[in-house]
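input-v4.cif, holding mmCIF, C-alpha atoms (C1' of nucleotides):
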data_upload
loop_
_atom_site.label_atom_id
_atom_site.label_comp_id
_atom_site.auth_asym_id
_atom_site.auth_seq_id
_atom_site.Cartn_x
_atom_site.Cartn_y
_atom_site.Cartn_z
CA MET T 14 183.63 -91.28 -71.90
CA ALA T 15 187.23 -90.76 -70.94
CA PRO T 16 188.84 -92.23 -67.87
CA GLN T 17 188.29 -90.15 -64.79
CA VAL T 18 191.55 -90.74 -63.06
CA ALA T 19 194.26 -88.20 -63.64
CA ASP T 20 196.86 -89.41 -66.09
CA PRO T 21 199.89 -90.41 -64.07
CA ALA T 22 202.10 -89.48 -66.98
CA ALA T 23 200.64 -87.00 -69.40
CA PRO T 24 201.95 -87.07 -73.00
CA HIS T 25 203.37 -83.63 -72.47
CA GLY T 26 205.49 -83.88 -69.40
CA LEU T 27 204.77 -80.33 -68.35
CA LEU T 28 201.01 -80.55 -68.36
CA ASN T 29 198.76 -81.38 -65.48
CA ALA T 30 195.59 -83.39 -65.94
CA LYS T 31 193.30 -80.45 -66.59
CA GLN T 32 195.61 -78.88 -69.10
CA GLN T 33 195.83 -82.21 -70.87
CA HIS T 34 192.06 -82.51 -71.03
CA LEU T 35 191.78 -79.10 -72.58
CA LEU T 36 194.35 -80.01 -75.17
CA ASP T 37 192.53 -83.29 -75.85
CA GLN T 38 189.29 -81.43 -76.42
CA LEU T 39 190.94 -79.11 -78.88
CA GLN T 40 192.53 -81.96 -80.75
CA GLU T 41 189.31 -83.94 -80.90
CA ALA T 42 187.29 -80.99 -82.13
CA SER T 43 187.14 -80.57 -85.87
CA GLU T 44 187.25 -76.82 -85.57
CA GLU T 45 188.55 -74.04 -83.40
CA LEU T 46 186.90 -73.53 -80.05
CA THR T 47 186.42 -70.53 -77.82
CA GLY T 48 187.16 -70.56 -74.13
CA GLN T 49 183.44 -70.61 -73.50
CA ASP T 50 183.04 -73.57 -75.85
CA LEU T 51 185.63 -75.55 -73.97
CA HIS T 52 184.08 -74.68 -70.66
CA ALA T 53 180.67 -75.80 -71.91
CA ARG T 54 181.98 -79.01 -73.42
CA LEU T 55 183.69 -80.08 -70.26
CA ARG T 56 180.85 -79.14 -67.98
CA GLY T 57 179.12 -82.20 -66.66
CA THR T 58 182.02 -84.46 -67.53
CA PRO T 59 184.47 -85.61 -64.88
CA HIS T 60 186.87 -83.05 -66.32
CA GLY T 61 184.69 -80.01 -65.79
CA MET T 62 186.47 -76.89 -64.60
CA GLY T 63 185.70 -73.25 -63.99
CA LEU T 64 186.00 -70.61 -66.67
CA ALA T 65 188.92 -69.00 -64.92
CA THR T 66 190.80 -72.28 -65.00
CA VAL T 67 189.98 -72.81 -68.65
CA TYR T 68 191.46 -69.45 -69.59
CA ARG T 69 194.40 -69.84 -67.26
CA HIS T 70 195.35 -73.13 -68.83
CA LEU T 71 194.75 -71.95 -72.36
CA ARG T 72 197.25 -69.23 -71.71
CA HIS T 73 199.74 -71.74 -70.38
CA LEU T 74 199.23 -74.02 -73.35
CA GLN T 75 199.81 -71.07 -75.60
CA GLN T 76 202.98 -70.12 -73.79
CA ARG T 77 204.24 -73.65 -74.29
CA GLY T 78 203.51 -73.43 -77.99
CA LEU T 79 200.89 -76.20 -77.90
CA VAL T 80 197.94 -74.00 -78.67
CA ARG T 81 197.44 -71.08 -81.00
CA CYS T 82 194.65 -68.54 -80.92
CA ARG T 83 193.19 -66.02 -83.26
CA HIS T 84 190.58 -63.36 -82.61
CA LEU T 85 187.30 -62.84 -84.36
CA PRO T 86 186.12 -59.30 -85.00
CA SER T 87 183.59 -59.99 -82.24
CA GLY T 88 186.45 -60.14 -79.77
CA GLU T 89 186.17 -63.84 -79.13
CA ALA T 90 189.34 -65.85 -79.20
CA LEU T 91 189.41 -69.12 -81.09
CA PHE T 92 191.85 -71.77 -79.96
CA ALA T 93 193.36 -74.62 -81.90
CA PRO T 94 196.25 -76.98 -81.38
CA THR T 95 199.34 -75.72 -83.16
CA GLU T 96 200.01 -79.17 -84.56
CA ARG T 97 197.08 -78.52 -86.85
CA ASP T 98 198.66 -76.18 -89.35
CA GLU T 99 195.41 -74.79 -90.73
CA HIS T 100 194.76 -71.17 -91.44
CA HIS T 101 191.81 -69.12 -92.55
CA LEU T 102 190.37 -66.83 -95.14
CA THR T 103 187.72 -64.61 -93.63
CA CYS T 104 185.21 -62.23 -95.15
CA VAL T 105 185.62 -58.78 -93.65
CA ASP T 106 181.96 -58.09 -94.24
CA CYS T 107 179.89 -61.11 -93.23
CA GLY T 108 182.59 -62.95 -91.30
CA SER T 109 182.23 -66.23 -93.18
CA THR T 110 185.35 -68.32 -93.13
CA VAL T 111 187.12 -70.73 -95.41
CA VAL T 112 189.67 -73.13 -94.01
CA LEU T 113 192.95 -73.36 -95.86
CA ARG T 114 193.87 -77.02 -95.57
CA SER T 115 197.47 -76.36 -96.41
CA CYS T 116 199.57 -73.59 -94.94
CA PRO T 117 200.86 -71.34 -97.72
CA MET T 118 203.86 -70.61 -95.58
CA HIS T 119 204.86 -74.24 -95.48
CA GLU T 120 208.34 -74.16 -94.18
CA THR T 121 209.16 -70.60 -95.00
CA HIS T 122 211.74 -69.75 -92.43
CA LEU T 123 212.68 -66.57 -90.71
CA ASN T 124 216.35 -65.89 -90.84
CA PRO T 125 218.28 -65.62 -87.58
CA GLN T 126 218.50 -61.86 -87.84
CA GLN T 127 214.73 -61.59 -88.12
CA LEU T 128 214.32 -63.94 -85.18
CA GLY T 129 216.47 -61.77 -82.93
CA GLY T 130 217.11 -64.59 -80.50
CA TYR T 131 213.45 -65.53 -80.13
CA GLN T 132 212.62 -69.20 -79.88
CA LEU T 133 209.87 -69.67 -82.43
CA LEU T 134 206.80 -71.55 -81.22
CA PHE T 135 204.08 -71.09 -83.82
CA HIS T 136 202.53 -68.61 -86.18
CA THR T 137 199.12 -67.40 -87.19
CA LEU T 138 198.30 -66.47 -90.73
CA GLU T 139 194.99 -65.02 -91.73
CA PHE T 140 193.69 -63.78 -95.01
CA PHE T 141 190.88 -61.32 -95.28
CA GLY T 142 188.74 -60.48 -98.23
CA LEU T 143 185.21 -60.34 -99.54
CA CYS T 144 183.26 -63.53 -100.06
CA PRO T 145 181.39 -63.94 -103.34
CA GLY T 146 178.08 -63.11 -101.70
CA CYS T 147 179.29 -59.85 -100.19
CA GLN T 148 181.01 -58.83 -103.41
CA GLU T 149 177.70 -59.16 -105.19
CA ARG T 150 175.73 -57.44 -102.47
CA GLN T 151 178.16 -54.50 -102.43
CA GLY T 152 178.20 -54.28 -106.18
CA SER T 153 174.45 -53.89 -106.36
CA ALA T 154 174.26 -51.46 -103.45
CA MET R 8 181.80 -28.72 -82.50
CA ALA R 9 183.10 -27.81 -85.91
CA PRO R 10 180.98 -28.92 -88.79
CA GLN R 11 182.85 -31.33 -90.94
CA VAL R 12 183.20 -30.22 -94.47
CA ALA R 13 183.71 -33.13 -96.75
CA ASP R 14 186.97 -33.16 -98.67
CA PRO R 15 186.04 -32.39 -102.24
CA ALA R 16 188.44 -35.05 -103.43
CA ALA R 17 189.61 -37.57 -100.90
CA PRO R 18 192.44 -39.80 -102.10
CA HIS R 19 190.17 -42.78 -101.67
CA GLY R 20 186.98 -41.99 -103.43
CA LEU R 21 184.87 -43.94 -101.00
CA LEU R 22 186.05 -42.27 -97.83
CA ASN R 23 184.50 -39.33 -96.09
CA ALA R 24 186.62 -36.72 -94.34
CA LYS R 25 186.70 -38.42 -90.94
CA GLN R 26 187.61 -41.75 -92.36
CA GLN R 27 190.40 -40.11 -94.29
CA HIS R 28 191.72 -38.43 -91.17
CA LEU R 29 191.83 -41.74 -89.37
CA LEU R 30 193.71 -43.30 -92.23
CA ASP R 31 196.10 -40.35 -92.28
CA GLN R 32 196.82 -40.78 -88.60
CA LEU R 33 197.57 -44.44 -89.07
CA GLN R 34 199.87 -43.75 -91.97
CA GLU R 35 201.71 -41.01 -90.14
CA ALA R 36 202.19 -43.08 -87.02
CA SER R 37 205.33 -45.15 -86.93
CA GLU R 38 203.55 -47.98 -85.19
CA GLU R 39 200.22 -49.62 -84.83
CA LEU R 40 197.57 -47.74 -82.91
CA THR R 41 194.58 -48.82 -80.88
CA GLY R 42 191.15 -47.29 -81.29
CA GLN R 43 191.70 -45.48 -78.03
CA ASP R 44 195.03 -44.14 -79.28
CA LEU R 45 193.43 -42.72 -82.37
CA HIS R 46 190.64 -41.17 -80.38
CA ALA R 47 193.17 -39.55 -78.04
CA ARG R 48 195.39 -38.31 -80.85
CA LEU R 49 192.58 -36.62 -82.69
CA ARG R 50 191.04 -35.08 -79.60
CA GLY R 51 191.61 -31.38 -79.55
CA THR R 52 192.41 -31.22 -83.23
CA PRO R 53 189.87 -30.00 -85.75
CA HIS R 54 189.41 -33.65 -86.66
CA GLY R 55 188.37 -34.88 -83.25
CA MET R 56 185.58 -37.42 -83.16
CA GLY R 57 183.82 -39.64 -80.66
CA LEU R 58 185.01 -43.09 -79.80
CA ALA R 59 181.98 -44.63 -81.44
CA THR R 60 182.84 -42.90 -84.68
CA VAL R 61 186.45 -44.01 -84.46
CA TYR R 62 185.48 -47.65 -84.15
CA ARG R 63 182.75 -47.34 -86.77
CA HIS R 64 185.17 -45.97 -89.31
CA LEU R 65 187.94 -48.37 -88.43
CA ARG R 66 185.53 -51.17 -89.25
CA HIS R 67 184.69 -49.54 -92.54
CA LEU R 68 188.32 -49.04 -93.41
CA GLN R 69 188.96 -52.65 -92.63
CA GLN R 70 186.08 -53.76 -94.80
CA ARG R 71 187.57 -51.77 -97.64
CA GLY R 72 190.91 -53.43 -97.14
CA LEU R 73 192.69 -50.19 -96.23
CA VAL R 74 193.35 -51.11 -92.64
CA ARG R 75 194.39 -54.29 -90.94
CA CYS R 76 194.14 -55.14 -87.28
CA ARG R 77 195.68 -57.66 -84.95
CA HIS R 78 194.86 -58.42 -81.36
CA LEU R 79 197.14 -58.38 -78.40
CA PRO R 80 196.69 -60.98 -75.70
CA SER R 81 195.27 -58.15 -73.62
CA GLY R 82 192.33 -57.97 -75.98
CA GLU R 83 193.26 -54.65 -77.49
CA ALA R 84 193.15 -54.36 -81.23
CA LEU R 85 196.04 -52.68 -83.03
CA PHE R 86 195.37 -51.04 -86.35
CA ALA R 87 197.75 -50.34 -89.19
CA PRO R 88 197.37 -49.41 -92.83
CA THR R 89 197.54 -52.48 -95.03
CA GLU R 90 199.93 -50.73 -97.38
CA ARG R 91 202.52 -51.15 -94.68
CA ASP R 92 203.36 -54.80 -95.11
CA GLU R 93 204.95 -55.26 -91.70
CA HIS R 94 204.35 -58.19 -89.44
CA HIS R 95 205.38 -59.17 -85.94
CA LEU R 96 207.14 -61.64 -83.76
CA THR R 97 205.70 -61.60 -80.27
CA CYS R 98 206.82 -63.23 -77.04
CA VAL R 99 204.02 -65.40 -75.65
CA ASP R 100 205.30 -64.75 -72.16
CA CYS R 101 206.20 -61.10 -71.73
CA GLY R 102 204.49 -59.79 -74.85
CA SER R 103 207.51 -57.97 -76.22
CA THR R 104 207.40 -57.53 -79.95
CA VAL R 105 209.84 -57.43 -82.82
CA VAL R 106 208.82 -55.88 -86.11
CA LEU R 107 209.61 -57.88 -89.22
CA ARG R 108 210.55 -55.26 -91.75
CA SER R 109 209.98 -57.57 -94.64
CA CYS R 110 207.01 -59.84 -95.04
CA PRO R 111 208.18 -63.44 -95.27
CA MET R 112 205.16 -64.21 -97.39
CA HIS R 113 206.32 -61.80 -100.03
CA GLU R 114 204.08 -62.54 -102.91
CA THR R 115 203.14 -66.02 -101.98
CA HIS R 116 199.82 -66.46 -103.65
CA LEU R 117 196.82 -68.51 -102.83
CA ASN R 118 195.61 -70.57 -105.72
CA PRO R 119 192.10 -69.95 -107.06
CA GLN R 120 190.76 -73.08 -105.45
CA GLN R 121 191.98 -71.97 -102.04
CA LEU R 122 190.48 -68.54 -102.63
CA GLY R 123 187.04 -69.98 -103.27
CA GLY R 124 185.85 -66.86 -105.04
CA TYR R 125 186.93 -64.53 -102.27
CA GLN R 126 188.39 -61.19 -103.29
CA LEU R 127 191.59 -60.97 -101.28
CA LEU R 128 192.13 -57.71 -99.43
CA PHE R 129 194.99 -58.26 -97.00
CA HIS R 130 196.54 -60.72 -94.62
CA THR R 131 197.92 -60.81 -91.14
CA LEU R 132 200.89 -62.91 -90.23
CA GLU R 133 202.13 -63.23 -86.71
CA PHE R 134 204.88 -65.27 -85.20
CA PHE R 135 204.95 -66.24 -81.56
CA GLY R 136 207.82 -67.48 -79.49
CA LEU R 137 209.90 -66.81 -76.45
CA CYS R 138 212.16 -63.81 -76.30
CA PRO R 139 215.74 -64.30 -75.08
CA GLY R 140 214.93 -62.87 -71.68
CA CYS R 141 211.99 -65.17 -71.06
CA GLN R 142 213.91 -68.20 -72.28
CA GLU R 143 216.54 -67.46 -69.68
CA ARG R 144 214.05 -66.74 -66.96
CA GLN R 145 212.17 -69.97 -67.65
CA GLY R 146 215.39 -71.95 -67.84
CA SER R 147 216.46 -70.88 -64.39
CA ALA R 148 213.02 -71.32 -62.87
"C1'" DT H 12 165.18 -19.16 -99.06
"C1'" DC H 13 162.98 -22.61 -96.61
"C1'" DC H 14 161.77 -27.28 -95.64
"C1'" DA H 15 162.13 -32.17 -95.22
"C1'" DC H 16 164.44 -36.32 -95.01
"C1'" DG H 17 168.29 -39.43 -94.81
"C1'" DA H 18 172.99 -39.99 -93.27
"C1'" DA H 19 176.39 -39.02 -89.86
"C1'" DT H 20 177.65 -38.10 -85.25
"C1'" DG H 21 178.65 -38.64 -80.28
"C1'" DA H 22 177.54 -39.04 -75.25
"C1'" DG H 23 176.25 -42.28 -72.57
"C1'" DT H 24 175.03 -47.03 -71.73
"C1'" DA H 25 174.97 -51.93 -72.52
"C1'" DT H 26 177.36 -55.98 -73.59
"C1'" DC H 27 180.24 -59.70 -72.99
"C1'" DG H 28 184.62 -62.10 -73.24
"C1'" DT H 29 188.42 -62.29 -70.34
"C1'" DT H 30 191.02 -61.42 -66.15
"C1'" DC H 31 191.41 -60.72 -61.31
"C1'" DT H 32 190.45 -61.57 -56.28
"C1'" DC H 33 190.59 -64.23 -52.67
"C1'" DA H 34 188.99 -67.73 -49.76
"C1'" DT H 35 189.03 -72.73 -49.93
"C1'" DA H 36 190.52 -77.46 -51.25
"C1'" DG H 37 194.00 -80.74 -52.43
"C1'" DG H 38 198.77 -82.56 -52.21
"C1'" DC H 39 202.82 -83.62 -50.07
"C1'" DA H 40 206.70 -83.76 -47.17
"C1'" DT H 41 207.72 -83.38 -42.44
"C1'" DA D 12 198.22 -84.37 -37.64
"C1'" DT D 13 200.63 -79.80 -39.12
"C1'" DG D 14 202.11 -76.44 -42.05
"C1'" DC D 15 203.22 -74.91 -46.73
"C1'" DC D 16 202.48 -74.44 -51.53
"C1'" DT D 17 199.83 -74.78 -55.64
"C1'" DA D 18 195.56 -75.29 -57.98
"C1'" DT D 19 190.86 -74.12 -58.21
"C1'" DG D 20 186.46 -71.71 -58.91
"C1'" DA D 21 182.64 -68.35 -57.85
"C1'" DG D 22 181.84 -64.04 -58.41
"C1'" DA D 23 183.20 -59.38 -59.16
"C1'" DA D 24 185.93 -56.27 -61.83
"C1'" DC D 25 187.64 -54.79 -65.98
"C1'" DG D 26 187.89 -52.96 -70.49
"C1'" DA D 27 187.39 -52.75 -75.25
"C1'" DT D 28 183.88 -52.45 -78.40
"C1'" DA D 29 179.02 -52.16 -79.98
"C1'" DC D 30 174.67 -50.14 -79.46
"C1'" DT D 31 170.94 -46.46 -78.63
"C1'" DC D 32 168.90 -42.59 -79.80
"C1'" DA D 33 168.38 -37.75 -79.88
"C1'" DT D 34 170.63 -34.17 -82.40
"C1'" DT D 35 173.09 -32.08 -86.27
"C1'" DC D 36 174.62 -31.84 -90.97
"C1'" DG D 37 174.00 -31.99 -95.89
"C1'" DT D 38 171.40 -31.99 -99.86
"C1'" DG D 39 167.91 -31.65 -103.07
"C1'" DG D 40 163.33 -30.08 -104.09
"C1'" DA D 41 159.65 -26.74 -103.76
#

Could you render the structure as structure tokens?
Amino acid sequence: MAPQVADPAAPHGLLNAKQQHLLDQLQEASEELTGQDLHARLRGTPHGMGLATVYRHLRHLQQRGLVRCRHLPSGEALFAPTERDEHHLTCVDCGSTVVLRSCPMHETHLNPQQLGGYQLLFHTLEFFGLCPGCQERQGSA
Amino acid sequence: MAPQVADPAAPHGLLNAKQQHLLDQLQEASEELTGQDLHARLRGTPHGMGLATVYRHLRHLQQRGLVRCRHLPSGEALFAPTERDEHHLTCVDCGSTVVLRSCPMHETHLNPQQLGGYQLLFHTLEFFGLCPGCQERQGSA
DNA sequence: TCCACGAATGAGTATCGTTCTCATAGGCAT
DNA sequence: ATGCCTATGAGAACGATACTCATTCGTGGA
């Protein structure tokens, strides 16, 4: 698998080795991962780390704007690298999800007054609706 | 406890009296409320209801597209009526929030292919960044 | 009017993802 | 080596939400 020696110079200057491994995992994964997922994936590898550390670093990555998270109705948080500008359309009934390959916001900008001095890091955009199956099921009920 | 007499004609045909009261509370409130907030606000009034019922109905309202929720980093869910098209800019560090009075998405539409047959109910849009205070604090640290 | 049955309700409990605690390990400069 | 600081992780604590299930309400039929 991956080299086991800590990167002497991580791509993101501010990240330590474990944070970098978490980010790598997220970037390699084709989909969003939960904290538990990440913990499980790294377990057994040379980069394994405790759950507390996983969550600690996910928070740091988020505060640096490298990782975004969204919450499922179940309460789980799904993490993804912000460089992947994908968003989701979720069924409020069954929870099924469609990935929107392109961000409808594109480069829609907030004006300075709206920003109020904030330094913008990333955004989350989620659409909710009824999937075809649930529409049908509700219609017949 | 007082028996709940169903409103003969609730504004939303599909809602029972308790669901309507929850929706009323959300619409009257100037800000988003948590499930616990709603439970506390209704306690003591003729419309009081158990926490389980609050969450049950909030889920129903969400499934009908009348209510939207977003999650704070703390894990709490904040509910607001979807008719109020307000979104937020939140500091990833201190959690302070700015309300965006106008939705930057306006009427940006998803094309039918993106929708994949889903019936769109509402969306959530959140921006994350660093507030002026945290920028300064991090800069000096 | 009375009865029966399904839906709604809520008090308490269970669940489970996330955060916290705190003792220990690892670096690093002295 | 010695002390100091940060990072780490095991386990417990926490807290919001979902579930259980006995009870109540509402409604329609007899």

Taking the file as shown, what set of residues would the PyMOL selection byres ((chain D and resi 26-40) around 12) give back, as a PDB file with C-alpha atoms (C1' of nucleotides), keeping the file's coordinate frame?
ATOM      1  CA  PRO T  86     186.120 -59.300 -85.000  1.00  0.00           C
ATOM      2  CA  SER T  87     183.590 -59.990 -82.240  1.00  0.00           C
ATOM      3  CA  GLY T  88     186.450 -60.140 -79.770  1.00  0.00           C
ATOM      4  CA  GLU T  89     186.170 -63.840 -79.130  1.00  0.00           C
TER       5      GLU T  89
ATOM      6  CA  MET R   8     181.800 -28.720 -82.500  1.00  0.00           C
ATOM      7  CA  ALA R   9     183.100 -27.810 -85.910  1.00  0.00           C
ATOM      8  CA  PRO R  10     180.980 -28.920 -88.790  1.00  0.00           C
ATOM      9  CA  GLN R  11     182.850 -31.330 -90.940  1.00  0.00           C
ATOM     10  CA  VAL R  12     183.200 -30.220 -94.470  1.00  0.00           C
ATOM     11  CA  ALA R  13     183.710 -33.130 -96.750  1.00  0.00           C
ATOM     12  CA  THR R  41     194.580 -48.820 -80.880  1.00  0.00           C
ATOM     13  CA  GLY R  42     191.150 -47.290 -81.290  1.00  0.00           C
ATOM     14  CA  GLN R  43     191.700 -45.480 -78.030  1.00  0.00           C
ATOM     15  CA  LEU R  58     185.010 -43.090 -79.800  1.00  0.00           C
ATOM     16  CA  ALA R  59     181.980 -44.630 -81.440  1.00  0.00           C
ATOM     17  CA  THR R  60     182.840 -42.900 -84.680  1.00  0.00           C
ATOM     18  CA  VAL R  61     186.450 -44.010 -84.460  1.00  0.00           C
ATOM     19  CA  TYR R  62     185.480 -47.650 -84.150  1.00  0.00           C
ATOM     20  CA  ARG R  63     182.750 -47.340 -86.770  1.00  0.00           C
ATOM     21  CA  LEU R  65     187.940 -48.370 -88.430  1.00  0.00           C
ATOM     22  CA  ARG R  66     185.530 -51.170 -89.250  1.00  0.00           C
ATOM     23  CA  HIS R  78     194.860 -58.420 -81.360  1.00  0.00           C
ATOM     24  CA  LEU R  79     197.140 -58.380 -78.400  1.00  0.00           C
ATOM     25  CA  SER R  81     195.270 -58.150 -73.620  1.00  0.00           C
ATOM     26  CA  GLY R  82     192.330 -57.970 -75.980  1.00  0.00           C
ATOM     27  CA  GLU R  83     193.260 -54.650 -77.490  1.00  0.00           C
ATOM     28  CA  ALA R  84     193.150 -54.360 -81.230  1.00  0.00           C
ATOM     29  CA  LEU R  85     196.040 -52.680 -83.030  1.00  0.00           C
TER      30      LEU R  85
ATOM     31  C1'  DC H  13     162.980 -22.610 -96.610  1.00  0.00           C
ATOM     32  C1'  DC H  14     161.770 -27.280 -95.640  1.00  0.00           C
ATOM     33  C1'  DA H  15     162.130 -32.170 -95.220  1.00  0.00           C
ATOM     34  C1'  DC H  16     164.440 -36.320 -95.010  1.00  0.00           C
ATOM     35  C1'  DG H  17     168.290 -39.430 -94.810  1.00  0.00           C
ATOM     36  C1'  DA H  18     172.990 -39.990 -93.270  1.00  0.00           C
ATOM     37  C1'  DA H  19     176.390 -39.020 -89.860  1.00  0.00           C
ATOM     38  C1'  DT H  20     177.650 -38.100 -85.250  1.00  0.00           C
ATOM     39  C1'  DG H  21     178.650 -38.640 -80.280  1.00  0.00           C
ATOM     40  C1'  DA H  22     177.540 -39.040 -75.250  1.00  0.00           C
ATOM     41  C1'  DG H  23     176.250 -42.280 -72.570  1.00  0.00           C
ATOM     42  C1'  DT H  24     175.030 -47.030 -71.730  1.00  0.00           C
ATOM     43  C1'  DA H  25     174.970 -51.930 -72.520  1.00  0.00           C
ATOM     44  C1'  DT H  26     177.360 -55.980 -73.590  1.00  0.00           C
ATOM     45  C1'  DC H  27     180.240 -59.700 -72.990  1.00  0.00           C
ATOM     46  C1'  DG H  28     184.620 -62.100 -73.240  1.00  0.00           C
ATOM     47  C1'  DT H  29     188.420 -62.290 -70.340  1.00  0.00           C
ATOM     48  C1'  DT H  30     191.020 -61.420 -66.150  1.00  0.00           C
TER      49       DT H  30
ATOM     50  C1'  DA D  24     185.930 -56.270 -61.830  1.00  0.00           C
ATOM     51  C1'  DC D  25     187.640 -54.790 -65.980  1.00  0.00           C
ATOM     52  C1'  DA D  41     159.650 -26.740-103.760  1.00  0.00           C
TER      53       DA D  41
END

Starting from 8 Å padding per side, set up an axis-aligned box that covers all listed atoms of segment 27-41 of chain H and hand over centre and edge lengths in Å, one decimal, as JSON.
{"center_x": 194.0, "center_y": -71.7, "center_z": -57.8, "size_x": 43.5, "size_y": 40.1, "size_z": 46.8}

Run through the PyMOL selection byres ((chain T) within 7 of (chain R)) on the given coordinates and return the selected residues as an MDAnalysis selection string. chainID T and resid 76 84 105:106 113 118 127 130:145

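Atom CA of Gly63 of chain T is positioned 29.4 Å from atom CA of Gly108 of chain T.
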
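Using the PyMOL selection byres ((chain H and resi 33-38) around 8) on the file at hand returns these residues: DT32 and DC39 of chain H; DA18 and DT19 of chain D.
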
So what do you get for atom CA of Pro94 of chain T versus atom CA of Gly61 of chain T, distance-wise?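 About the pair atom CA of Pro94 of chain T and atom CA of Gly61 of chain T: they are 19.6 Å apart.
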
Hey, can you check how far atom CA of Glu90 of chain R sits from atom CA of Arg48 of chain R?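 Distance reported for this atom pair: 21.2 Å.
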
Counting all atoms listed in the file, what is within 9 Å of Leu49 of chain R, bar same-chain residues fewer than 6 positions away, as a VMD selection string? chain R and resid 28 to 29 32 55 to 56
